[in-house]
Amino acid sequence: MTIEVVPTSPAIGAEVRSVDIAAGVDEPTFGRIIAAWHQYSVLLFRGQRLDDAALVRFSRRFGELDAVPPNEVAKIFIKDYPEISVISNVKGTDGKPIGSLGAYESEWHTDMSFMDVPPKASALYSLEVPPSGGNTGFANMYLALERLPADLRRQIEGKVTVHDATLTSVGSLRMGFQPVTDVTRTPGARHPLVRTHPETGRQALYLGRRRNSYVVGLTVAESEALLNALWAHASRPEFSWHHQWRVGDLVLWDNRSAMHRRDAFDPAARRVMHRTQIKGTVPF
Ligand code: OGA
Ligand code: MN
């Protein structure tokens, strides 16, 4: 199988062409896909026809899958596929959402960094997309670190932050959590602000998410000022690419080197995505 790898932007991402994932991907081709993923952090495969079994099968080649993570909607979304999350604003016949995140804007984040062992990757496959809105942005955190002003780089040396476990990326409270009133007591894992990618060996800025974040050892005012400066830098447009979805797109991102976000969309439109998450290792 001969694949083509075409960058989607100067900053991050590549489209992988001439792959029919459902038909099966041989080992040499898969090796080239992994190499492209390490180079570009985010891969886009268009025009796929994946049922849940095929999505799980392909995702598993990147590593062991997580069960559905804690969310605001359900413990398990699809009976026979406990590894698949549904990301959707659509409501079922019972009037309850069939998936997470609604039609809201989701702020820049990396997935599940509130866990001690956060997932290395997430894959999102589109079944229904709205006519406009709901684009997903990706930002290159290798590049953000490389371009970080020297004074900020010095300030984050050896620093660790708390990654909030209480809120989803659209700001809704996860089941079983209380709202945070003092960020020094935010529940969630602690990870280094600069992390080393275990496979590429490159260093990346590791911010997780902004809400309820806290730089351990600083006063709240110092921590807020440092985080504001880091976030203003990391969210500069030249580090990112924004994907406009079509039905049949599979996007796989690396949570160790990329952040992502999603634009809001018309709640009356339908957006349905199936998602898997691949287990990672302890950030260092
Ligand atoms: C996710 C996520 C973005 C989107 O699934 O982790 O952030 O475009 N989704 O729905
Ligand atoms: Mn996410």
# chains A, B, ... in the order shown; residues from 1 in each chain; ligands from 1

call {"tool": "residues_near_ligand", "arguments": {"ligand": "ligand 2", "cutoff": "8 Å", "atoms": "only C-alpha atoms and all ligand atoms", "output": "JSON, numbers by chain"}}
result
{"A": [106, 109, 110, 111, 112, 122, 169, 260, 261]}

call {"tool": "write_last_selection", "arguments": {"atoms": "N, CA and C atoms", "output": "short mmCIF file (atom, residue, chain, number, x, y, z; two decimals), in the first residue's frame"}}
result
data_model
loop_
_atom_site.label_atom_id
_atom_site.label_comp_id
_atom_site.auth_asym_id
_atom_site.auth_seq_id
_atom_site.Cartn_x
_atom_site.Cartn_y
_atom_site.Cartn_z
N SER A 106 -15.56 24.13 23.24
CA SER A 106 -14.66 23.45 24.16
C SER A 106 -13.32 24.16 24.09
N HIS A 109 -7.37 22.17 25.41
CA HIS A 109 -7.06 21.20 26.46
C HIS A 109 -6.32 20.01 25.87
N THR A 110 -5.75 19.20 26.76
CA THR A 110 -5.33 17.86 26.36
C THR A 110 -6.21 16.90 27.15
N ASP A 111 -6.49 15.76 26.55
CA ASP A 111 -7.48 14.88 27.16
C ASP A 111 -7.00 14.24 28.46
N MET A 112 -7.89 14.32 29.46
CA MET A 112 -7.77 13.53 30.69
C MET A 112 -6.44 13.69 31.41
N SER A 122 -6.06 10.19 21.28
CA SER A 122 -7.50 10.06 21.15
C SER A 122 -7.81 10.05 19.66
N SER A 169 -14.13 19.74 29.21
CA SER A 169 -13.57 20.82 28.39
C SER A 169 -14.61 21.87 28.01
N HIS A 260 -6.04 20.56 21.92
CA HIS A 260 -7.13 20.74 20.95
C HIS A 260 -8.28 21.51 21.58
N ARG A 261 -9.15 22.01 20.73
CA ARG A 261 -10.32 22.77 21.15
C ARG A 261 -11.41 22.59 20.11
#

call {"tool": "residues_near_ligand", "arguments": {"ligand": "ligand 1", "cutoff": "9 Å", "atoms": "only C-alpha atoms and all ligand atoms", "output": "ChimeraX atom specification"}}
result
/A:85-88,100-103,106-112,122-124,134-137,169-170,243,245,260-263,271-277

call {"tool": "closest_residue", "arguments": {"among": "A:Arg209, A:His242, A:Lys279, A:Lys159", "to": "A:Ala11", "atoms": "only C-alpha atoms"}}
result
A:His242

call {"tool": "residues_around", "arguments": {"residues": "A:Phe77", "least_positions_apart": "5", "cutoff": "9 Å", "atoms": "only C-alpha atoms", "output": "compact mmCIF listing (two decimals) with all heavy atoms, in the first residue's frame"}}
result
# COMPACT_ATOMS: atom_id res chain seq x y z
N VAL A 68 -14.37 3.93 28.63
CA VAL A 68 -14.94 5.28 28.58
C VAL A 68 -14.58 6.05 29.85
O VAL A 68 -14.79 5.58 30.95
CB VAL A 68 -16.48 5.21 28.43
CG1 VAL A 68 -17.11 6.55 28.68
CG2 VAL A 68 -16.83 4.70 27.04
N PRO A 82 -17.56 -0.85 25.22
CA PRO A 82 -17.29 0.00 26.38
C PRO A 82 -16.09 0.93 26.17
O PRO A 82 -15.89 1.84 26.97
CB PRO A 82 -17.01 -1.01 27.50
CG PRO A 82 -16.65 -2.29 26.81
CD PRO A 82 -17.37 -2.29 25.50
N GLU A 83 -15.32 0.73 25.10
CA GLU A 83 -14.18 1.63 24.84
C GLU A 83 -14.57 2.83 23.99
O GLU A 83 -13.74 3.71 23.77
CB GLU A 83 -13.04 0.98 24.10
CG GLU A 83 -12.72 -0.43 24.05
CD GLU A 83 -13.67 -1.49 23.61
OE1 GLU A 83 -14.85 -1.21 23.28
OE2 GLU A 83 -13.22 -2.63 23.60
N ILE A 84 -15.79 2.85 23.47
CA ILE A 84 -16.17 3.96 22.59
C ILE A 84 -17.00 4.99 23.35
O ILE A 84 -17.98 4.67 24.00
CB ILE A 84 -16.96 3.44 21.36
CG1 ILE A 84 -16.01 2.62 20.47
CG2 ILE A 84 -17.58 4.60 20.57
CD1 ILE A 84 -16.61 2.17 19.16
N SER A 85 -16.55 6.24 23.28
CA SER A 85 -17.35 7.36 23.77
C SER A 85 -18.13 7.94 22.60
O SER A 85 -17.66 7.88 21.46
CB SER A 85 -16.48 8.50 24.30
OG SER A 85 -15.71 8.09 25.38
N VAL A 86 -19.26 8.53 22.91
CA VAL A 86 -19.99 9.27 21.89
C VAL A 86 -19.84 10.75 22.24
O VAL A 86 -20.02 11.15 23.39
CB VAL A 86 -21.48 8.87 21.86
CG1 VAL A 86 -22.24 9.71 20.84
CG2 VAL A 86 -21.61 7.38 21.55
N ILE A 98 -27.20 11.67 23.86
CA ILE A 98 -26.58 10.37 23.56
C ILE A 98 -25.06 10.45 23.73
O ILE A 98 -24.39 9.42 23.67
CB ILE A 98 -26.92 9.88 22.12
CG1 ILE A 98 -26.35 10.86 21.06
CG2 ILE A 98 -28.42 9.72 21.94
CD1 ILE A 98 -26.32 10.28 19.66
N GLY A 99 -24.53 11.66 23.91
CA GLY A 99 -23.08 11.81 24.01
C GLY A 99 -22.68 12.99 24.86
O GLY A 99 -23.51 13.67 25.45

call {"tool": "closest_residue", "arguments": {"among": "A:Ala22, A:Val117, A:Leu193, A:Ala264", "to": "A:Arg154", "atoms": "only C-alpha atoms"}}
result
A:Leu193

call {"tool": "residues_around", "arguments": {"residues": "stretch 248-254 of chain A", "least_positions_apart": "3", "cutoff": "7 Å", "atoms": "only C-alpha atoms", "output": "list in words"}}
result
Ser41, Val42, Leu43, Leu44, Phe45, Arg46, Gly47, Gln48, Arg49, Lys120, Ala121, Ser122, Ala123, Leu124, Tyr125, Ser126, Leu127, Trp245, Ser257 and Ala258 of chain A

call {"tool": "write_last_selection", "arguments": {"atoms": "C-alpha atoms", "output": "CSV table (one decimal), in the first residue's frame"}}
result
chain,number,residue,atom,x,y,z
A,41,SER,CA,1.1,15.0,16.0
A,42,VAL,CA,-2.3,14.9,14.4
A,43,LEU,CA,-3.4,12.7,11.5
A,44,LEU,CA,-6.5,13.1,9.3
A,45,PHE,CA,-7.9,10.2,7.3
A,46,ARG,CA,-10.8,11.3,5.1
A,47,GLY,CA,-13.5,9.2,3.4
A,48,GLN,CA,-13.4,6.3,5.8
A,49,ARG,CA,-16.3,3.9,6.4
A,120,LYS,CA,-1.4,9.2,24.9
A,121,ALA,CA,-3.9,9.6,22.0
A,122,SER,CA,-7.5,10.1,21.1
A,123,ALA,CA,-9.3,9.2,17.9
A,124,LEU,CA,-12.5,10.9,16.7
A,125,TYR,CA,-14.5,9.6,13.8
A,126,SER,CA,-17.4,11.6,12.4
A,127,LEU,CA,-20.7,10.1,11.6
A,245,TRP,CA,-15.2,18.1,9.5
A,257,SER,CA,2.5,17.1,22.0
A,258,ALA,CA,-0.8,18.7,21.0

call {"tool": "select_by_dssp", "arguments": {"residues": "stretch 117-239 of chain A", "states": "strand (DSSP E or B)", "output": "ChimeraX atom specification"}}
result
/A:121-128,136-140,160-162,167,173,190-192,194-196,203-205,209,214-215

call {"tool": "write_last_selection", "arguments": {"atoms": "N, CA, C and O atoms", "output": "tab-separated table (two decimals), in the first residue's frame"}}
result
chain	number	residue	atom	x	y	z
A	121	ALA	N	-3.23	9.19	23.30
A	121	ALA	CA	-3.86	9.60	22.05
A	121	ALA	C	-5.37	9.48	22.15
A	121	ALA	O	-5.89	8.74	22.99
A	122	SER	N	-6.06	10.19	21.28
A	122	SER	CA	-7.50	10.06	21.15
A	122	SER	C	-7.81	10.05	19.66
A	122	SER	O	-7.11	10.68	18.87
A	123	ALA	N	-8.86	9.30	19.31
A	123	ALA	CA	-9.27	9.23	17.91
A	123	ALA	C	-10.75	9.59	17.83
A	123	ALA	O	-11.55	9.13	18.64
A	124	LEU	N	-11.08	10.43	16.87
A	124	LEU	CA	-12.45	10.90	16.73
A	124	LEU	C	-12.89	10.65	15.29
A	124	LEU	O	-12.21	11.06	14.35
A	125	TYR	N	-14.04	9.96	15.16
A	125	TYR	CA	-14.54	9.58	13.84
A	125	TYR	C	-15.92	10.20	13.65
A	125	TYR	O	-16.79	10.05	14.50
A	126	SER	N	-16.11	10.89	12.53
A	126	SER	CA	-17.35	11.65	12.36
A	126	SER	C	-18.40	10.87	11.58
A	126	SER	O	-18.15	10.39	10.48
A	127	LEU	N	-19.58	10.76	12.20
A	127	LEU	CA	-20.73	10.09	11.58
A	127	LEU	C	-21.73	11.10	11.04
A	127	LEU	O	-22.36	10.89	10.02
A	128	GLU	N	-21.90	12.21	11.77
A	128	GLU	CA	-22.77	13.30	11.30
A	128	GLU	C	-22.09	14.61	11.67
A	128	GLU	O	-21.57	14.74	12.78
A	136	THR	N	-12.62	21.62	14.83
A	136	THR	CA	-11.73	21.24	15.92
A	136	THR	C	-10.32	21.77	15.62
A	136	THR	O	-9.79	21.52	14.54
A	137	GLY	N	-9.78	22.53	16.57
A	137	GLY	CA	-8.45	23.11	16.41
A	137	GLY	C	-7.40	22.28	17.13
A	137	GLY	O	-7.69	21.66	18.17
A	138	PHE	N	-6.18	22.26	16.59
A	138	PHE	CA	-5.06	21.55	17.20
A	138	PHE	C	-3.87	22.50	17.29
A	138	PHE	O	-3.61	23.24	16.34
A	139	ALA	N	-3.18	22.47	18.42
A	139	ALA	CA	-2.04	23.37	18.60
A	139	ALA	C	-0.79	22.58	18.95
A	139	ALA	O	-0.85	21.63	19.76
A	140	ASN	N	0.32	22.96	18.36
A	140	ASN	CA	1.59	22.24	18.48
A	140	ASN	C	2.36	22.71	19.71
A	140	ASN	O	2.87	23.83	19.74
A	160	VAL	N	5.62	22.23	38.32
A	160	VAL	CA	4.57	21.22	38.19
A	160	VAL	C	3.23	21.93	38.33
A	160	VAL	O	3.12	22.87	39.11
A	161	THR	N	2.22	21.51	37.56
A	161	THR	CA	0.89	22.09	37.75
A	161	THR	C	-0.12	21.02	38.12
A	161	THR	O	0.09	19.84	37.87
A	162	VAL	N	-1.22	21.49	38.72
A	162	VAL	CA	-2.35	20.61	39.01
A	162	VAL	C	-3.31	20.68	37.83
A	162	VAL	O	-3.62	21.78	37.34
A	167	LEU	N	-13.97	19.51	35.92
A	167	LEU	CA	-14.75	20.04	34.80
A	167	LEU	C	-14.37	19.39	33.48
A	167	LEU	O	-13.20	19.08	33.24
A	173	LEU	N	-19.61	20.11	35.11
A	173	LEU	CA	-19.08	19.35	36.24
A	173	LEU	C	-19.21	17.84	35.96
A	173	LEU	O	-20.26	17.37	35.56
A	190	ARG	N	-0.81	15.88	39.19
A	190	ARG	CA	0.24	16.90	39.05
A	190	ARG	C	1.24	16.40	38.00
A	190	ARG	O	1.70	15.27	38.09
A	191	HIS	N	1.51	17.29	37.04
A	191	HIS	CA	2.44	16.93	35.97
A	191	HIS	C	3.40	18.08	35.70
A	191	HIS	O	3.06	19.24	35.92
A	192	PRO	N	4.59	17.75	35.16
A	192	PRO	CA	5.56	18.81	34.82
A	192	PRO	C	5.04	19.70	33.69
A	192	PRO	O	4.37	19.21	32.77
A	194	VAL	N	6.89	21.12	31.50
A	194	VAL	CA	7.63	20.71	30.30
A	194	VAL	C	7.72	19.20	30.35
A	194	VAL	O	8.25	18.64	31.31
A	195	ARG	N	7.15	18.55	29.34
A	195	ARG	CA	7.23	17.09	29.35
A	195	ARG	C	8.00	16.58	28.14
A	195	ARG	O	8.06	17.24	27.11
A	196	THR	N	8.62	15.43	28.34
A	196	THR	CA	9.40	14.81	27.28
A	196	THR	C	8.55	13.72	26.63
A	196	THR	O	8.03	12.85	27.31
A	203	GLN	N	10.82	17.77	23.70
A	203	GLN	CA	10.13	18.39	24.83
A	203	GLN	C	8.96	19.25	24.35
A	203	GLN	O	9.06	19.91	23.31
A	204	ALA	N	7.90	19.23	25.12
A	204	ALA	CA	6.70	20.00	24.77
A	204	ALA	C	6.14	20.68	26.01
A	204	ALA	O	6.35	20.22	27.13
A	205	LEU	N	5.45	21.79	25.77
A	205	LEU	CA	4.75	22.49	26.86
A	205	LEU	C	3.51	21.66	27.21
A	205	LEU	O	2.75	21.27	26.31
A	209	ARG	N	-5.33	22.00	30.92
A	209	ARG	CA	-6.46	22.92	30.68
A	209	ARG	C	-6.35	24.09	31.63
A	209	ARG	O	-5.73	23.98	32.69
A	214	TYR	N	-3.22	25.26	38.51
A	214	TYR	CA	-2.44	25.91	39.56
A	214	TYR	C	-0.99	25.43	39.50
A	214	TYR	O	-0.74	24.23	39.36
A	215	VAL	N	-0.07	26.39	39.55
A	215	VAL	CA	1.36	26.04	39.54
A	215	VAL	C	1.80	25.81	40.98
A	215	VAL	O	1.80	26.75	41.80

call {"tool": "residues_around", "arguments": {"residues": "A:Met115", "least_positions_apart": "6", "cutoff": "10 Å", "atoms": "only C-alpha atoms", "output": "PyMOL selection string"}}
result
chain A and resi 163-165+188-191+282

call {"tool": "residues_around", "arguments": {"residues": "A:Ser223", "least_positions_apart": "4", "cutoff": "12 Å", "atoms": "only C-alpha atoms", "output": "list in words"}}
result
Gln155, Ile156, Lys159, Val160, Thr161, Val162, Val183, Thr184, Arg210, Asn212, Ser213, Tyr214, Val215, Val216, Gly217, Leu218, Thr219, Leu227, Asn228, Ala229, Leu230 and Trp231 of chain A

call {"tool": "write_last_selection", "arguments": {"atoms": "C-alpha atoms", "output": "mmCIF file, in the first residue's frame"}}
result
data_model
loop_
_atom_site.group_PDB
_atom_site.id
_atom_site.type_symbol
_atom_site.label_atom_id
_atom_site.label_comp_id
_atom_site.auth_asym_id
_atom_site.auth_seq_id
_atom_site.Cartn_x
_atom_site.Cartn_y
_atom_site.Cartn_z
ATOM 1 C CA GLN A 155 9.950 30.580 35.202
ATOM 2 C CA ILE A 156 8.569 27.159 34.320
ATOM 3 C CA LYS A 159 7.572 23.469 37.764
ATOM 4 C CA VAL A 160 4.575 21.215 38.186
ATOM 5 C CA THR A 161 0.889 22.095 37.745
ATOM 6 C CA VAL A 162 -2.345 20.612 39.009
ATOM 7 C CA VAL A 183 -7.234 26.412 43.104
ATOM 8 C CA THR A 184 -4.539 25.329 45.567
ATOM 9 C CA ARG A 210 -6.757 26.430 32.037
ATOM 10 C CA ASN A 212 -8.741 25.548 38.015
ATOM 11 C CA SER A 213 -5.115 25.036 37.005
ATOM 12 C CA TYR A 214 -2.438 25.909 39.565
ATOM 13 C CA VAL A 215 1.359 26.040 39.536
ATOM 14 C CA VAL A 216 2.471 24.187 42.652
ATOM 15 C CA GLY A 217 4.595 26.231 45.066
ATOM 16 C CA LEU A 218 3.485 29.686 43.879
ATOM 17 C CA THR A 219 0.963 32.025 45.449
ATOM 18 C CA LEU A 227 -0.573 30.619 33.608
ATOM 19 C CA ASN A 228 -2.172 33.587 31.853
ATOM 20 C CA ALA A 229 1.117 34.393 30.139
ATOM 21 C CA LEU A 230 1.689 30.760 29.139
ATOM 22 C CA TRP A 231 -1.837 30.368 27.776
#

call {"tool": "select_by_dssp", "arguments": {"residues": "stretch 124-284 of chain A", "states": "helix (DSSP H, G or I)", "output": "ChimeraX atom specification"}}
result
/A:141-146,150-156,183-185,220-234,237-239

call {"tool": "closest_residue", "arguments": {"among": "A:Gly158, A:Ile278, A:Ala269, A:Ser113", "to": "A:Lys91", "atoms": "only C-alpha atoms"}}
result
A:Ala269

call {"tool": "closest_residue", "arguments": {"among": "A:Val129, A:Arg270, A:Trp37, A:Leu148", "to": "A:Ser235", "atoms": "only C-alpha atoms"}}
result
A:Leu148

call {"tool": "atom_distance", "arguments": {"atom1": "atom CA of A:Phe265", "atom2": "atom CA of A:Pro131"}}
result
9.1 Å

call {"tool": "closest_residue", "arguments": {"among": "A:Ala36, A:Asn255, A:Gly133, A:Asp20", "to": "A:Pro7", "atoms": "only C-alpha atoms"}}
result
A:Ala36

call {"tool": "decode", "arguments": {"residues": "stretch 225-236 of chain A", "atoms": "all heavy atoms", "output": "PDB file, in the first residue's frame"}}
result
ATOM      1  N   ALA A 225      -0.838  34.652  37.145  1.00  0.00           N
ATOM      2  CA  ALA A 225      -0.100  35.502  36.202  1.00  0.00           C
ATOM      3  C   ALA A 225       0.743  34.642  35.251  1.00  0.00           C
ATOM      4  O   ALA A 225       0.763  34.866  34.038  1.00  0.00           O
ATOM      5  CB  ALA A 225       0.781  36.490  36.964  1.00  0.00           C
ATOM      6  N   LEU A 226       1.416  33.647  35.791  1.00  0.00           N
ATOM      7  CA  LEU A 226       2.258  32.776  34.960  1.00  0.00           C
ATOM      8  C   LEU A 226       1.389  31.974  33.988  1.00  0.00           C
ATOM      9  O   LEU A 226       1.690  31.891  32.785  1.00  0.00           O
ATOM     10  CB  LEU A 226       3.087  31.849  35.864  1.00  0.00           C
ATOM     11  CG  LEU A 226       4.011  30.857  35.156  1.00  0.00           C
ATOM     12  CD1 LEU A 226       4.940  31.549  34.159  1.00  0.00           C
ATOM     13  CD2 LEU A 226       4.844  30.067  36.189  1.00  0.00           C
ATOM     14  N   LEU A 227       0.300  31.412  34.495  1.00  0.00           N
ATOM     15  CA  LEU A 227      -0.573  30.619  33.608  1.00  0.00           C
ATOM     16  C   LEU A 227      -1.192  31.488  32.519  1.00  0.00           C
ATOM     17  O   LEU A 227      -1.274  31.062  31.354  1.00  0.00           O
ATOM     18  CB  LEU A 227      -1.672  29.918  34.427  1.00  0.00           C
ATOM     19  CG  LEU A 227      -1.185  28.775  35.316  1.00  0.00           C
ATOM     20  CD1 LEU A 227      -2.295  28.298  36.235  1.00  0.00           C
ATOM     21  CD2 LEU A 227      -0.640  27.607  34.484  1.00  0.00           C
ATOM     22  N   ASN A 228      -1.601  32.692  32.875  1.00  0.00           N
ATOM     23  CA  ASN A 228      -2.172  33.587  31.853  1.00  0.00           C
ATOM     24  C   ASN A 228      -1.164  33.870  30.744  1.00  0.00           C
ATOM     25  O   ASN A 228      -1.509  33.868  29.564  1.00  0.00           O
ATOM     26  CB  ASN A 228      -2.660  34.895  32.473  1.00  0.00           C
ATOM     27  CG  ASN A 228      -3.942  34.706  33.278  1.00  0.00           C
ATOM     28  OD1 ASN A 228      -4.618  33.681  33.146  1.00  0.00           O
ATOM     29  ND2 ASN A 228      -4.267  35.671  34.130  1.00  0.00           N
ATOM     30  N   ALA A 229       0.087  34.106  31.140  1.00  0.00           N
ATOM     31  CA  ALA A 229       1.117  34.393  30.139  1.00  0.00           C
ATOM     32  C   ALA A 229       1.373  33.156  29.269  1.00  0.00           C
ATOM     33  O   ALA A 229       1.503  33.249  28.047  1.00  0.00           O
ATOM     34  CB  ALA A 229       2.403  34.839  30.831  1.00  0.00           C
ATOM     35  N   LEU A 230       1.441  31.992  29.899  1.00  0.00           N
ATOM     36  CA  LEU A 230       1.689  30.760  29.139  1.00  0.00           C
ATOM     37  C   LEU A 230       0.545  30.461  28.169  1.00  0.00           C
ATOM     38  O   LEU A 230       0.771  30.071  27.027  1.00  0.00           O
ATOM     39  CB  LEU A 230       1.868  29.574  30.098  1.00  0.00           C
ATOM     40  CG  LEU A 230       3.141  29.579  30.943  1.00  0.00           C
ATOM     41  CD1 LEU A 230       3.078  28.455  31.991  1.00  0.00           C
ATOM     42  CD2 LEU A 230       4.385  29.414  30.064  1.00  0.00           C
ATOM     43  N   TRP A 231      -0.679  30.658  28.635  1.00  0.00           N
ATOM     44  CA  TRP A 231      -1.837  30.368  27.776  1.00  0.00           C
ATOM     45  C   TRP A 231      -1.960  31.367  26.637  1.00  0.00           C
ATOM     46  O   TRP A 231      -2.329  30.994  25.523  1.00  0.00           O
ATOM     47  CB  TRP A 231      -3.133  30.301  28.606  1.00  0.00           C
ATOM     48  CG  TRP A 231      -3.269  28.967  29.277  1.00  0.00           C
ATOM     49  CD1 TRP A 231      -2.858  28.633  30.535  1.00  0.00           C
ATOM     50  CD2 TRP A 231      -3.810  27.773  28.707  1.00  0.00           C
ATOM     51  NE1 TRP A 231      -3.115  27.306  30.783  1.00  0.00           N
ATOM     52  CE2 TRP A 231      -3.703  26.759  29.687  1.00  0.00           C
ATOM     53  CE3 TRP A 231      -4.387  27.456  27.472  1.00  0.00           C
ATOM     54  CZ2 TRP A 231      -4.147  25.450  29.466  1.00  0.00           C
ATOM     55  CZ3 TRP A 231      -4.831  26.155  27.251  1.00  0.00           C
ATOM     56  CH2 TRP A 231      -4.708  25.176  28.230  1.00  0.00           C
ATOM     57  N   ALA A 232      -1.645  32.629  26.926  1.00  0.00           N
ATOM     58  CA  ALA A 232      -1.701  33.633  25.847  1.00  0.00           C
ATOM     59  C   ALA A 232      -0.709  33.250  24.752  1.00  0.00           C
ATOM     60  O   ALA A 232      -0.997  33.360  23.557  1.00  0.00           O
ATOM     61  CB  ALA A 232      -1.379  35.020  26.407  1.00  0.00           C
ATOM     62  N   HIS A 233       0.453  32.752  25.158  1.00  0.00           N
ATOM     63  CA  HIS A 233       1.474  32.343  24.200  1.00  0.00           C
ATOM     64  C   HIS A 233       1.038  31.073  23.455  1.00  0.00           C
ATOM     65  O   HIS A 233       1.048  31.026  22.219  1.00  0.00           O
ATOM     66  CB  HIS A 233       2.793  32.100  24.935  1.00  0.00           C
ATOM     67  CG  HIS A 233       3.847  31.472  24.087  1.00  0.00           C
ATOM     68  ND1 HIS A 233       4.595  32.184  23.178  1.00  0.00           N
ATOM     69  CD2 HIS A 233       4.254  30.179  23.991  1.00  0.00           C
ATOM     70  CE1 HIS A 233       5.427  31.355  22.556  1.00  0.00           C
ATOM     71  NE2 HIS A 233       5.240  30.142  23.022  1.00  0.00           N
ATOM     72  N   ALA A 234       0.634  30.051  24.210  1.00  0.00           N
ATOM     73  CA  ALA A 234       0.341  28.742  23.601  1.00  0.00           C
ATOM     74  C   ALA A 234      -0.843  28.804  22.649  1.00  0.00           C
ATOM     75  O   ALA A 234      -0.940  27.993  21.718  1.00  0.00           O
ATOM     76  CB  ALA A 234       0.078  27.703  24.695  1.00  0.00           C
ATOM     77  N   SER A 235      -1.758  29.750  22.866  1.00  0.00           N
ATOM     78  CA  SER A 235      -2.927  29.810  21.987  1.00  0.00           C
ATOM     79  C   SER A 235      -2.739  30.778  20.815  1.00  0.00           C
ATOM     80  O   SER A 235      -3.705  31.100  20.124  1.00  0.00           O
ATOM     81  CB  SER A 235      -4.199  30.121  22.793  1.00  0.00           C
ATOM     82  OG  SER A 235      -3.980  31.188  23.676  1.00  0.00           O
ATOM     83  N   ARG A 236      -1.485  31.198  20.563  1.00  0.00           N
ATOM     84  CA  ARG A 236      -1.252  32.032  19.383  1.00  0.00           C
ATOM     85  C   ARG A 236      -1.574  31.255  18.115  1.00  0.00           C
ATOM     86  O   ARG A 236      -1.246  30.075  17.997  1.00  0.00           O
ATOM     87  CB  ARG A 236       0.209  32.522  19.375  1.00  0.00           C
ATOM     88  CG  ARG A 236       0.371  33.804  20.208  1.00  0.00           C
ATOM     89  CD  ARG A 236       1.794  34.093  20.589  1.00  0.00           C
ATOM     90  NE  ARG A 236       2.704  34.006  19.451  1.00  0.00           N
ATOM     91  CZ  ARG A 236       4.024  34.172  19.552  1.00  0.00           C
ATOM     92  NH1 ARG A 236       4.577  34.413  20.731  1.00  0.00           N
ATOM     93  NH2 ARG A 236       4.778  34.083  18.498  1.00  0.00           N
TER      94      ARG A 236
END
